[in-house]
>>> print(open('coords.txt').read())   # compact mmCIF, C-alpha atoms
# COMPACT_ATOMS: atom_id res chain seq x y z
CA MET D 23 0.00 0.00 0.00
CA THR D 24 1.24 3.52 -0.82
CA GLN D 25 0.37 6.57 1.31
CA ILE D 26 0.40 10.09 -0.20
CA VAL D 27 1.69 12.82 2.14
CA ASP D 28 2.19 16.37 0.81
CA GLY D 29 2.29 15.05 -2.73
CA ALA D 30 5.02 12.48 -1.97
CA ALA D 31 4.53 8.73 -2.06
CA LEU D 32 5.50 6.92 1.11
CA HIS D 33 5.90 3.15 0.68
CA HIS D 34 5.42 0.67 3.50
CA PRO D 35 7.51 -2.39 2.55
CA MET D 36 6.15 -4.65 5.29
CA ARG D 37 2.55 -3.84 4.46
CA GLU D 38 3.14 -4.18 0.72
CA ALA D 39 4.80 -7.56 1.24
CA SER D 40 1.82 -8.82 3.22
CA GLU D 41 -0.59 -7.63 0.52
CA ARG D 42 1.38 -9.02 -2.41
CA ARG D 43 -0.52 -11.78 -4.19
CA ILE D 44 1.01 -15.09 -5.24
CA ARG D 45 0.96 -15.24 -9.04
CA LEU D 46 0.15 -18.88 -9.79
CA VAL D 47 -0.04 -21.09 -12.88
CA LEU D 48 -1.89 -24.41 -13.02
CA VAL D 49 -0.71 -27.24 -15.31
CA GLU D 50 -3.25 -30.06 -15.22
CA ASP D 51 -4.66 -32.04 -18.15
CA HIS D 52 -8.00 -32.89 -16.52
CA THR D 53 -10.30 -29.92 -17.10
CA VAL D 54 -12.62 -30.75 -14.20
CA VAL D 55 -9.70 -30.89 -11.74
CA ARG D 56 -8.16 -27.72 -13.14
CA ASP D 57 -11.44 -25.80 -13.00
CA GLY D 58 -12.09 -27.00 -9.46
CA LEU D 59 -8.67 -25.87 -8.25
CA LYS D 60 -9.07 -22.54 -9.99
CA ALA D 61 -12.49 -21.94 -8.43
CA LEU D 62 -11.15 -22.64 -4.92
CA LEU D 63 -7.91 -20.69 -5.25
CA GLU D 64 -9.63 -17.64 -6.72
CA LEU D 65 -11.43 -17.28 -3.38
CA GLU D 66 -8.09 -16.62 -1.66
CA SER D 67 -7.16 -12.95 -1.31
CA ASP D 68 -3.43 -13.67 -1.58
CA VAL D 69 -3.56 -15.90 -4.70
CA GLU D 70 -3.95 -14.79 -8.31
CA ILE D 71 -4.35 -17.38 -11.09
CA VAL D 72 -2.41 -15.89 -14.00
CA GLY D 73 -2.45 -18.92 -16.30
CA GLU D 74 -3.74 -22.47 -16.75
CA PHE D 75 -2.57 -25.12 -19.20
CA GLY D 76 -3.53 -28.66 -20.10
CA CYS D 77 -0.13 -30.01 -21.17
CA GLY D 78 3.56 -29.40 -20.58
CA GLU D 79 4.24 -28.08 -24.08
CA SER D 80 1.79 -25.19 -23.87
CA GLY D 81 2.68 -24.74 -20.21
CA VAL D 82 6.33 -24.00 -20.94
CA ASP D 83 5.46 -21.41 -23.59
CA GLY D 84 3.01 -19.68 -21.28
CA ILE D 85 5.23 -19.78 -18.20
CA ARG D 86 8.10 -18.27 -20.17
CA GLY D 87 6.01 -15.14 -20.69
CA LEU D 88 4.13 -15.08 -17.39
CA GLN D 89 7.09 -15.66 -15.01
CA PRO D 90 4.76 -16.75 -12.15
CA ASP D 91 5.71 -17.10 -8.51
CA VAL D 92 4.42 -20.68 -8.24
CA VAL D 93 3.60 -23.40 -10.77
CA VAL D 94 1.33 -26.21 -9.60
CA THR D 95 1.74 -29.18 -11.93
CA ASP D 96 0.71 -32.79 -12.23
CA LEU D 97 3.30 -35.42 -13.23
CA ALA D 98 1.11 -37.33 -15.71
CA LEU D 99 0.73 -34.95 -18.65
CA PRO D 100 0.11 -35.46 -22.37
CA ARG D 101 3.00 -34.85 -24.78
CA GLY D 102 5.76 -35.09 -22.19
CA SER D 103 6.33 -35.90 -18.53
CA GLY D 104 5.69 -33.55 -15.65
CA ILE D 105 9.14 -34.35 -14.31
CA ALA D 106 10.75 -33.06 -17.51
CA LEU D 107 8.48 -30.02 -17.33
CA ILE D 108 9.84 -29.10 -13.89
CA GLY D 109 13.38 -28.84 -15.21
CA GLU D 110 12.19 -26.91 -18.25
CA ILE D 111 10.38 -24.40 -16.03
CA GLN D 112 13.59 -23.83 -14.11
CA ARG D 113 15.28 -22.84 -17.35
CA VAL D 114 12.61 -20.52 -18.75
CA SER D 115 11.41 -19.05 -15.43
CA PRO D 116 14.15 -19.63 -12.83
CA ARG D 117 12.39 -17.65 -10.10
CA SER D 118 9.23 -19.75 -10.27
CA ARG D 119 8.70 -22.33 -7.55
CA ASN D 120 7.46 -25.76 -8.64
CA LEU D 121 4.80 -27.55 -6.61
CA VAL D 122 3.81 -31.08 -7.69
CA LEU D 123 0.17 -32.04 -7.19
CA THR D 124 -0.22 -35.67 -8.19
CA GLY D 125 -1.83 -39.01 -7.48
CA ASN D 126 1.50 -40.84 -7.75
CA ASP D 127 3.08 -41.52 -4.36
CA THR D 128 5.80 -43.97 -5.39
CA GLU D 129 9.18 -43.32 -3.88
CA GLU D 130 10.86 -43.22 -7.28
CA CYS D 131 8.50 -40.55 -8.61
CA ILE D 132 8.99 -38.46 -5.48
CA ARG D 133 12.75 -38.72 -5.91
CA ALA D 134 12.51 -37.94 -9.61
CA ALA D 135 10.46 -34.80 -9.00
CA LEU D 136 12.70 -33.52 -6.22
CA SER D 137 15.82 -34.28 -8.25
CA ALA D 138 14.34 -32.36 -11.19
CA GLY D 139 13.87 -29.31 -8.99
CA ALA D 140 10.41 -29.54 -7.41
CA HIS D 141 10.09 -27.38 -4.30
CA GLY D 142 7.05 -29.21 -2.98
CA TYR D 143 5.15 -32.47 -3.42
CA VAL D 144 1.48 -32.88 -2.50
CA MET D 145 -0.88 -35.76 -3.13
CA LYS D 146 -4.24 -35.18 -4.81
CA ASP D 147 -6.07 -36.85 -1.94
CA THR D 148 -4.79 -34.23 0.50
CA ASN D 149 -7.20 -31.69 1.95
CA TYR D 150 -7.49 -28.21 0.49
CA GLY D 151 -5.97 -26.58 3.57
CA GLU D 152 -2.74 -28.52 3.15
CA LEU D 153 -2.55 -27.65 -0.55
CA LEU D 154 -3.01 -23.97 0.22
CA ARG D 155 -0.36 -24.20 2.94
CA ALA D 156 2.00 -25.83 0.43
CA ILE D 157 1.45 -23.05 -2.12
CA ARG D 158 2.13 -20.35 0.44
CA THR D 159 5.15 -22.19 1.81
CA VAL D 160 6.93 -22.69 -1.50
CA SER D 161 6.09 -19.12 -2.57
CA MET D 162 8.20 -17.92 0.36
CA GLY D 163 11.21 -19.89 -0.84
CA GLU D 164 10.75 -22.85 1.46
CA ARG D 165 10.06 -26.51 0.66
CA PHE D 166 6.96 -28.52 1.42
CA LEU D 167 6.17 -32.24 1.50
CA CYS D 168 2.73 -33.52 2.44
CA SER D 169 2.73 -35.89 5.41
CA SER D 170 2.50 -39.13 3.40
CA THR D 171 5.30 -38.04 1.06
CA ALA D 172 7.50 -36.91 3.92
CA ASN D 173 7.08 -40.31 5.58
CA LYS D 174 8.22 -42.13 2.44
CA VAL D 175 11.27 -39.88 2.08
CA LEU D 176 12.15 -40.32 5.76
CA VAL D 177 11.76 -44.10 5.67
CA ALA D 178 13.97 -44.32 2.57
CA TYR D 179 16.60 -42.13 4.23
CA LEU D 180 16.62 -44.10 7.47
CA SER D 181 16.82 -47.40 5.61
CA GLY D 182 19.93 -46.20 3.82
CA ASP D 183 18.45 -46.57 0.33
CA LYS D 184 20.18 -44.69 -2.44
CA PRO D 185 18.32 -43.30 -5.43
CA PRO D 186 18.98 -44.99 -8.76
CA SER D 187 20.41 -41.70 -10.05
CA SER D 188 23.45 -42.05 -7.77
CA GLN D 189 24.80 -44.84 -9.95
CA THR D 190 27.87 -44.33 -12.11
CA PRO D 191 26.85 -44.06 -15.76
CA GLY D 192 27.31 -47.41 -17.48
CA SER D 193 30.11 -47.50 -20.00
CA SER D 194 28.44 -50.30 -21.96
CA ILE D 195 25.45 -48.22 -23.12
CA THR D 196 25.27 -47.99 -26.89
CA VAL D 197 24.59 -44.85 -28.91
CA ARG D 198 21.10 -46.09 -29.76
CA GLU D 199 20.36 -46.91 -26.12
CA ARG D 200 21.31 -43.35 -25.19
CA GLU D 201 18.85 -42.04 -27.76
CA VAL D 202 16.13 -44.24 -26.31
CA LEU D 203 17.09 -43.16 -22.77
CA THR D 204 16.66 -39.50 -23.73
CA ARG D 205 13.22 -40.06 -25.20
CA ILE D 206 12.01 -42.18 -22.29
CA ALA D 207 13.01 -39.33 -19.96
CA GLN D 208 10.91 -37.01 -22.13
CA GLY D 209 7.90 -39.15 -21.36
CA GLN D 210 7.61 -40.69 -24.82
CA SER D 211 5.98 -44.10 -25.24
CA ASN D 212 7.60 -47.03 -27.05
CA LYS D 213 5.47 -46.35 -30.12
CA MET D 214 6.43 -42.68 -30.20
CA ILE D 215 10.13 -43.52 -29.85
CA ALA D 216 9.89 -46.19 -32.55
CA ARG D 217 8.25 -43.76 -34.96
CA ALA D 218 10.81 -41.02 -34.26
CA LEU D 219 13.82 -43.34 -34.69
CA GLY D 220 12.41 -45.39 -37.56
CA LEU D 221 12.44 -48.62 -35.59
CA SER D 222 9.83 -51.16 -34.56
CA PRO D 223 8.18 -50.98 -31.10
CA LYS D 224 9.63 -54.41 -30.31
CA THR D 225 13.15 -53.11 -30.98
CA ILE D 226 12.50 -50.18 -28.62
CA GLU D 227 11.25 -52.61 -25.98
CA LYS D 228 14.50 -54.51 -26.31
CA HIS D 229 16.57 -51.33 -25.97
CA ARG D 230 14.53 -50.33 -22.92
CA ALA D 231 15.07 -53.73 -21.32
CA ASN D 232 18.81 -53.53 -22.00
CA LEU D 233 18.98 -50.05 -20.48
CA MET D 234 17.19 -51.09 -17.34
CA ARG D 235 19.36 -54.18 -16.98
CA LYS D 236 22.66 -52.33 -17.53
CA LEU D 237 21.78 -49.40 -15.28
CA GLN D 238 19.86 -51.48 -12.73
CA LEU D 239 16.77 -49.32 -13.15
CA HIS D 240 13.24 -50.61 -12.75
CA ASN D 241 10.82 -48.21 -14.45
CA ALA D 242 10.46 -44.98 -16.45
CA ALA D 243 10.58 -42.81 -13.32
CA ALA D 244 13.96 -44.27 -12.37
CA ILE D 245 15.21 -43.70 -15.92
CA THR D 246 14.13 -40.06 -15.68
CA VAL D 247 16.03 -39.62 -12.41
CA TYR D 248 19.13 -41.09 -14.05
CA ALA D 249 18.76 -38.84 -17.11
CA ILE D 250 18.37 -35.65 -15.07
CA ARG D 251 21.32 -36.45 -12.80
CA ASN D 252 23.54 -37.30 -15.76
CA GLY D 253 22.95 -34.33 -18.12
CA MET D 254 25.10 -34.93 -21.18
CA ASP D 255 26.39 -31.36 -21.55
CA GLY D 256 26.67 -30.50 -17.88
CA GLY D 257 23.68 -28.16 -18.24
CA ALA D 258 20.50 -29.19 -20.00
CA PRO D 259 19.26 -32.60 -18.84
CA LEU D 260 18.78 -35.35 -21.35
CA ALA D 261 15.03 -34.88 -21.12
CA PHE D 262 15.30 -31.48 -22.78
CA ARG D 263 18.02 -32.11 -25.38
CA LEU D 264 15.74 -32.96 -28.28
CA GLN D 265 13.23 -30.27 -27.36
CA GLU D 266 15.99 -27.66 -27.64
CA GLY D 267 17.39 -29.02 -30.91
CA LEU D 268 20.73 -30.00 -29.35
CA PRO D 269 22.71 -32.85 -30.91
CA ALA D 270 22.63 -36.23 -29.20
CA GLN D 271 25.93 -36.84 -27.50
CA THR D 272 27.40 -40.28 -27.07
>>> encode(input="coords.txt", output="structure tokens")
Amino acid sequence: MTQIVDGAALHHPMREASERRIRLVLVEDHTVVRDGLKALLELESDVEIVGEFGCGESGVDGIRGLQPDVVVTDLALPRGSGIALIGEIQRVSPRSRNLVLTGNDTEECIRAALSAGAHGYVMKDTNYGELLRAIRTVSMGERFLCSSTANKVLVAYLSGDKPPSSQTPGSSITVREREVLTRIAQGQSNKMIARALGLSPKTIEKHRANLMRKLQLHNAAAITVYAIRNGMDGGAPLAFRLQEGLPAQT
């Protein structure tokens, strides 16, 4: 708020900070869910919905221009994975805070999202109060894990488990397997990868199986963690290389 005294503007930083609204973007492919969240959040005096998108591709383009304070995103998105989207948001809008709102509570997905740069992780079956608390928390530069997610992370830590991404990159991976690895991390299906590389889906399945065996990975989420942690140029993760037109390195 600004007070005018004798024609001069006097600013009150503390009051202005308390009145500043959180500029928020929603990325959710289910229209009913997205509309419901929007309707609830628009009732909050400190939250402003500045954008909403149904897929990662359109989300990145919009977020680049909007530069929101917080992005609330699902992990299961059409035309790309939500995990890859998190890293992409960090590149196009580095000040934005990423909050995952998902129905996936597997330990590997939690690790993948946090490794990609998520600042918070909330399950879709949480209550609205906890979601709102998460949004406000991450907007202030802090991190937030819902109770069920925090328990999984704590149990994994106490048990001494190490994430798959801590493994040393396998020297026996072929050039083609690296190409497949990149596209899996982008969230592409076997059919999509086969079409892009001019191979049969069965051949892609074989490459995927070889990758998982050589790297001791167990699913696509683990592959994504590995890809993000082992960016091939020391900057952009594998998941974004093809999107940015960069050459595949071997």
>>> closest_residue(input="coords.txt", among="D:Leu233, D:Val160, D:Leu167, D:Leu99", to="Asp127 in chain D", atoms="all atoms listed in the file")
D:Leu167
>>> residues_around(input="coords.txt", residues="Ala98 in chain D", least_positions_apart="2", cutoff="10 Å", atoms="only C-alpha atoms", output="JSON, numbers by chain")
{"D": [50, 51, 77, 78, 95, 96, 100, 101, 102, 103, 104, 105, 124, 125, 126, 209]}
>>> write_last_selection(input="coords.txt", atoms="C-alpha atoms", output="mmCIF file, in the coordinates of the input")
data_model
loop_
_atom_site.group_PDB
_atom_site.id
_atom_site.type_symbol
_atom_site.label_atom_id
_atom_site.label_comp_id
_atom_site.auth_asym_id
_atom_site.auth_seq_id
_atom_site.Cartn_x
_atom_site.Cartn_y
_atom_site.Cartn_z
ATOM 1 C CA GLU D 50 -3.250 -30.060 -15.220
ATOM 2 C CA ASP D 51 -4.660 -32.040 -18.150
ATOM 3 C CA CYS D 77 -0.130 -30.010 -21.170
ATOM 4 C CA GLY D 78 3.560 -29.400 -20.580
ATOM 5 C CA THR D 95 1.740 -29.180 -11.930
ATOM 6 C CA ASP D 96 0.710 -32.790 -12.230
ATOM 7 C CA PRO D 100 0.110 -35.460 -22.370
ATOM 8 C CA ARG D 101 3.000 -34.850 -24.780
ATOM 9 C CA GLY D 102 5.760 -35.090 -22.190
ATOM 10 C CA SER D 103 6.330 -35.900 -18.530
ATOM 11 C CA GLY D 104 5.690 -33.550 -15.650
ATOM 12 C CA ILE D 105 9.140 -34.350 -14.310
ATOM 13 C CA THR D 124 -0.220 -35.670 -8.190
ATOM 14 C CA GLY D 125 -1.830 -39.010 -7.480
ATOM 15 C CA ASN D 126 1.500 -40.840 -7.750
ATOM 16 C CA GLY D 209 7.900 -39.150 -21.360
#
>>> residues_around(input="coords.txt", residues="Gly58 in chain D", least_positions_apart="5", cutoff="12 Å", atoms="all atoms listed in the file", output="PyMOL selection string")
chain D and resi 48+50+52-53+63-65+74+150
>>> residues_around(input="coords.txt", residues="Ile111 in chain D", least_positions_apart="4", cutoff="12 Å", atoms="all atoms listed in the file", output="VMD selection string")
chain D and resid 47 49 78 to 95 104 to 107 115 to 121 138 to 140 258 262
>>> atom_distance(input="coords.txt", atom1="CA of Phe166 in chain D", atom2="CA of Ile206 in chain D")
27.8 Å
>>> decode(input="coords.txt", residues="range 75-118 of chain D", atoms="C-alpha atoms", output="tab-separated table (two decimals), in the first residue's frame")
chain	number	residue	atom	x	y	z
D	75	PHE	CA	-2.57	-25.12	-19.20
D	76	GLY	CA	-3.53	-28.66	-20.10
D	77	CYS	CA	-0.13	-30.01	-21.17
D	78	GLY	CA	3.56	-29.40	-20.58
D	79	GLU	CA	4.24	-28.08	-24.08
D	80	SER	CA	1.79	-25.19	-23.87
D	81	GLY	CA	2.68	-24.74	-20.21
D	82	VAL	CA	6.33	-24.00	-20.94
D	83	ASP	CA	5.46	-21.41	-23.59
D	84	GLY	CA	3.01	-19.68	-21.28
D	85	ILE	CA	5.23	-19.78	-18.20
D	86	ARG	CA	8.10	-18.27	-20.17
D	87	GLY	CA	6.01	-15.14	-20.69
D	88	LEU	CA	4.13	-15.08	-17.39
D	89	GLN	CA	7.09	-15.66	-15.01
D	90	PRO	CA	4.76	-16.75	-12.15
D	91	ASP	CA	5.71	-17.10	-8.51
D	92	VAL	CA	4.42	-20.68	-8.24
D	93	VAL	CA	3.60	-23.40	-10.77
D	94	VAL	CA	1.33	-26.21	-9.60
D	95	THR	CA	1.74	-29.18	-11.93
D	96	ASP	CA	0.71	-32.79	-12.23
D	97	LEU	CA	3.30	-35.42	-13.23
D	98	ALA	CA	1.11	-37.33	-15.71
D	99	LEU	CA	0.73	-34.95	-18.65
D	100	PRO	CA	0.11	-35.46	-22.37
D	101	ARG	CA	3.00	-34.85	-24.78
D	102	GLY	CA	5.76	-35.09	-22.19
D	103	SER	CA	6.33	-35.90	-18.53
D	104	GLY	CA	5.69	-33.55	-15.65
D	105	ILE	CA	9.14	-34.35	-14.31
D	106	ALA	CA	10.75	-33.06	-17.51
D	107	LEU	CA	8.48	-30.02	-17.33
D	108	ILE	CA	9.84	-29.10	-13.89
D	109	GLY	CA	13.38	-28.84	-15.21
D	110	GLU	CA	12.19	-26.91	-18.25
D	111	ILE	CA	10.38	-24.40	-16.03
D	112	GLN	CA	13.59	-23.83	-14.11
D	113	ARG	CA	15.28	-22.84	-17.35
D	114	VAL	CA	12.61	-20.52	-18.75
D	115	SER	CA	11.41	-19.05	-15.43
D	116	PRO	CA	14.15	-19.63	-12.83
D	117	ARG	CA	12.39	-17.65	-10.10
D	118	SER	CA	9.23	-19.75	-10.27
